[in-house]
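Colleague: Take this structure first; my questions come after.
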Amino acid sequence: MARNVRRVATVLLLAGAWLAGSTPGALADQQTVFTVQMSGDQVIGFPGDPDGSGTATITVDHKTEQVCLDVDTTNVATPTEDYYIAEGAAGEPGGFVWVIFNVDINNPDPSTCLVRYNGFASFKELWKLIERNPEAFHLSVHNFEHADFGAIRGQLTLASK
């Protein structure tokens with residue numbers, strides 16, 4: 001019995017040491033942050049807002065599977081309608097829309113964690129795909145004036161992981 005207690009204590013000590021050593025890395029891996037620089041001249045397919053611009057931060061929490069978007073726009077007519085993450089490198093038209101952030105038009109603050117996913121990828125698969133090649137994806141801001149192709153658009157850039 002004393003041998004079993006010693007084994008359990010050893011296993012617990014080793015597990016605790018391993019966890020203590022890996023916790024900072026494990027916590028860092030729980031979030032990924034993307035930044036986006038947007039402008040109307042990056043919209044492909046139809047003219048975007050010629051003097052519109054904006055910045056965005058997309059924070060992906062892998063543990064809670066929550067994605068939050070914080071957008072700041074300049075010279076873009078409000079209310080903004082939707083924000084899309086779609087396939088499409090710089091200079092290429094948008095492809096499949098993967099993520100849609102819906103904004104409540106009664107609350108024009110475009111900081112939101114309300115999100116829908118399209119496609120067949122799981123949360124984990126989708127964000128691994130985007131993290132591997134963020135420049136192949138863009139964020140576009142849509143308003144009523146620029147509902148189809150967006151008012152402004154910009155490529156995702158991996159800020160931290």
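Starting from 1 in every chain, residues are counted up; chains themselves are A, B, ... following the order of the structure tokens, and ligands are numbered from 1 as listed.
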Pull the helix (DSSP H, G or I) assignments for region 34-137 of chain A out of DSSP run on the backbone, and list those residues as a count of residues only.

Modeller: 16

Colleague: List every residue of region 16-143 of chain A that DSSP, applied to the backbone of this structure, assigns to strand (DSSP E or B), and report them as a PyMOL selection string.

Modeller: chain A and resi 31-39+53-61+66-74+80-87+97-102+112+115-117+137-143

Colleague: So, counting only C-alpha atoms, which residue among A:Val115, A:Ala136, A:Val43, A:Ala86 is closest to Ile152 (chain A)?

Modeller: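 The answer is A:Val43, which sits nearest to Ile152 (chain A).
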
Colleague: Skip Thr112 (chain A) itself and residues of its chain fewer than 5 positions away, then list as a PyMOL selection string all residues within 7 Å of it, counting only C-alpha atoms.

Modeller: chain A and resi 68-70

Colleague: What's around Gln37 (chain A) at 12 Å? Count only C-alpha atoms, leave out sequence neighbours fewer than 3 positions away in its own chain, and write the answer as a VMD selection string.

Modeller: chain A and resid 34 40 to 42 52 to 58 71 to 74 90 135 138 to 141 152 to 158

Colleague: Using CA of Leu126 (chain A) and CA of Ile44 (chain A) as the two end points, give the distance in Å to one decimal.

Modeller: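 Distance between the two atoms: 23.6 Å.
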
Colleague: Between CA of Ser39 (chain A) and CA of Glu131 (chain A), what is the distance in Å, rounded to a tenth?

Modeller: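 Spanning CA of Ser39 (chain A) to CA of Glu131 (chain A) is a straight-line distance of 22.3 Å.
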
Colleague: Could you please determine the separation between CA of Ala151 (chain A) and CA of Phe46 (chain A) in Å, to one decimal place?

Modeller: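 For CA of Ala151 (chain A) relative to CA of Phe46 (chain A), the distance reads 9.5 Å.
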
Colleague: A:Arg132, A:Lys124, A:Asn118, A:Asp148: which is nearest Gly94 (chain A), counting only C-alpha atoms?

Modeller: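 So, comparing all the options, the nearest one is A:Asp148.
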
Colleague: Show me, as a compact mmCIF listing (two decimals) with C-alpha atoms, in the first residue's frame, the residues that have an atom within 10 Å of Gly95 (chain A) when counting only C-alpha atoms, minus same-chain residues fewer than 5 positions from it.

Modeller:
```
# COMPACT_ATOMS: atom_id res chain seq x y z
CA ILE A 85 -14.41 36.65 -43.51
CA ALA A 86 -14.11 35.12 -46.94
CA GLU A 87 -11.54 33.38 -49.07
CA GLY A 88 -9.72 35.64 -51.48
CA ALA A 89 -6.17 36.93 -51.51
CA PHE A 137 -8.62 35.46 -46.35
CA HIS A 138 -10.11 38.91 -46.09
```

Colleague: In terms of the shortest atom-to-atom distance over only C-alpha atoms, which of A:Thr32, A:Asn75, A:Ser160, A:Gln66 is closest to Pro50 (chain A)?

Modeller: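 Among the listed residues, A:Asn75 lies closest to Pro50 (chain A).
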
Colleague: Measuring atom to atom with only C-alpha atoms, identify which of A:His142, A:Val33, A:Gly91, A:Ala77 is nearest to Trp127 (chain A).

Modeller: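 So, comparing all the options, the nearest one is A:Val33.
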
Colleague: For each of A:Arg116, A:Glu125, A:Gly48, A:Ile130, take the minimum atom-to-atom distance to Ala147 (chain A), counting only C-alpha atoms, then give the residue where this is smallest.

Modeller: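 For Ala147 (chain A), the nearest of the given residues is A:Gly48.
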
Colleague: Of the residues A:Glu81, A:Val99, A:Asp51, A:Phe144, which is the one nearest to Tyr117 (chain A), using only C-alpha atoms?

Modeller: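 The answer is A:Val99, which sits nearest to Tyr117 (chain A).
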